[in-house]
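A.B. asks: Please find one structure pasted underneath; my questions will follow.
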Amino acid sequence: NSVSFYTTEVLGHPFYQIWYTDINGAMNYAASSDGTNWNTHPQNPLFELAQGQWDQDSIAGQVVVWDPVEDEYVMAYQGFTLGTGEFDPNTWEVDNGIWGLGISTSSDGVAWTKHPNNPVINFSALDPFTALIQPCWPLTITLQRQVFQGYIAASSNDIFSGAGDTCSIYSMNAFNAGSWTINEQQPVLVGDQPYDSKGIASAAVVEYNDVMYMFYVGFNAWIEYTGYRSAQNMTLNLATSTDGGNTWTKDPNNPIPINQTAELEISNIGAQVIGSRIHLWVTDKYEDSEAVGYYLFEPDIDIHGE
């Protein structure tokens, strides 16, 4: 379902880690010495969906970073409790459930503790009449210079902007893992090209040589289901920033032509800097199954001669 990667150097060699959710929504862990061959943890699943909690029905979209200040892993994820849709005459509210951003921490990547402030952002509690944006889905978090940064896809509630059904990227910040603020005044990246005209569905951000690289899944169509909708026609794209993530420039050669199998079915992206390369793990359709592909990106090599 959803995946998160983290890579670090151990005794001079890369050590790769993956956290992934299975078909039951449980969180699992595996490790690798080369990024390709993986050993799953014998205690999998690490944790499962728990009845009675705010995220009892779904955990997805996880991203893991290492916090050197607290000496721990920090996982951000989106969680759900599905509502009944019933109207409560006592509160004059409809039970739409809970949808939010959760934080969990771990000293070893295996034993995780959910943050007591979860959900650290309750998307369901945002007032549609006063909030400037309506979140589509959390995208990613990073730890830049010991300050947490995050990015979320959201549509504007401004009826005059004409962007009501487009999921642009907004930034969010936190000085500690449990307290986040969305900068909802202005998006940092807008879907305005044929390949991302309806927005962004997933993203991974890394920094190399003072340049931030955002690999993101753009899409140009919605498909409607009963009660919800999902992104369609998805491609992998690149944007860069040289001012700490405040402004982004899309690569003129987007979308990135990585598709080896069925096109336009990319769903998730993970990225890590290792040496002078950026390693990418891309969830796509491979032989009619959702699986993860592995790619290398060379930021120092300009293959277009520009």
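Residues are referred to by chain and number: the chain letter is A, B, ... according to the order shown in the structure tokens, the number counts from 1 in that chain, and ligands are numbered separately from 1 in the order shown.
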Residues near A:Leu264, anyone? I mean within 12 Å using only C-alpha atoms, not counting same-chain ones fewer than 6 positions away, as a count of residues only.
C.D. replies: 21
A.B. asks: Write out as CSV the residues of stretch 44-156 of chain A that have any atom within 6 Å of an atom of stretch 26-35 of chain A, one row each with the nearest atom pair and its distance in Å to one decimal, counting only C-alpha atoms, sorted by chain and then rising number.
C.D. replies:
residue,atom,partner,partner_atom,distance
A:Asn44,CA,A:Asn28,CA,5.3
A:Pro45,CA,A:Asn28,CA,4.7
A:Leu46,CA,A:Asn28,CA,5.4
A:Phe47,CA,A:Met27,CA,5.5
A:Glu48,CA,A:Ala26,CA,4.2
A.B. asks: What does the structure give for the distance between atom CA of A:Ser155 and atom CA of A:Asn117, in Å to one decimal?
C.D. replies: 25.4 Å
A.B. asks: If you measure from atom CA of A:Phe215 to atom CA of A:Val3, what distance in Å do you get, rounded to one decimal?
C.D. replies: 14.9 Å
A.B. asks: Given the choices A:Gln149, A:Leu296, A:Glu287, A:Trp180, which gets closest to A:Asn246 if the distance is worked out from only C-alpha atoms?
C.D. replies: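 Looking only at the distances to A:Asn246, the closest residue turns out to be A:Gln149.
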A.B. asks: Measuring atom to atom with only C-alpha atoms, identify which of A:Asn268, A:Asn157, A:Thr113, A:Ile98 is nearest to A:Leu139.
C.D. replies: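 Among the listed residues, A:Asn268 lies closest to A:Leu139.
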A.B. asks: Could you give me, as CSV, a per-residue list for stretch 251-293 of chain A showing, wherever an atom lies at most 12 Å from an atom of stretch 208-211 of chain A, the closest pair of atoms and their distance in Å to one decimal, using only C-alpha atoms and sorting by chain then residue number from low to high?
C.D. replies:
residue,atom,partner,partner_atom,distance
A:Ala271,CA,A:Tyr208,CA,11.6
A:Gln272,CA,A:Tyr208,CA,9.8
A:Val273,CA,A:Tyr208,CA,7.0
A:Ile274,CA,A:Tyr208,CA,9.5
A:Gly275,CA,A:Tyr208,CA,9.4
A:Ser276,CA,A:Tyr208,CA,8.1
A:Arg277,CA,A:Tyr208,CA,8.8
A:Ile278,CA,A:Tyr208,CA,8.4
A:His279,CA,A:Tyr208,CA,11.9
A.B. asks: Compare A:Glu86, A:Asp165, A:Asp55, A:Glu207 by their minimum atom-to-atom distance to A:Asn118, counting only C-alpha atoms, and give me the closest one.
C.D. replies: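 Nearest to A:Asn118: A:Asp55.
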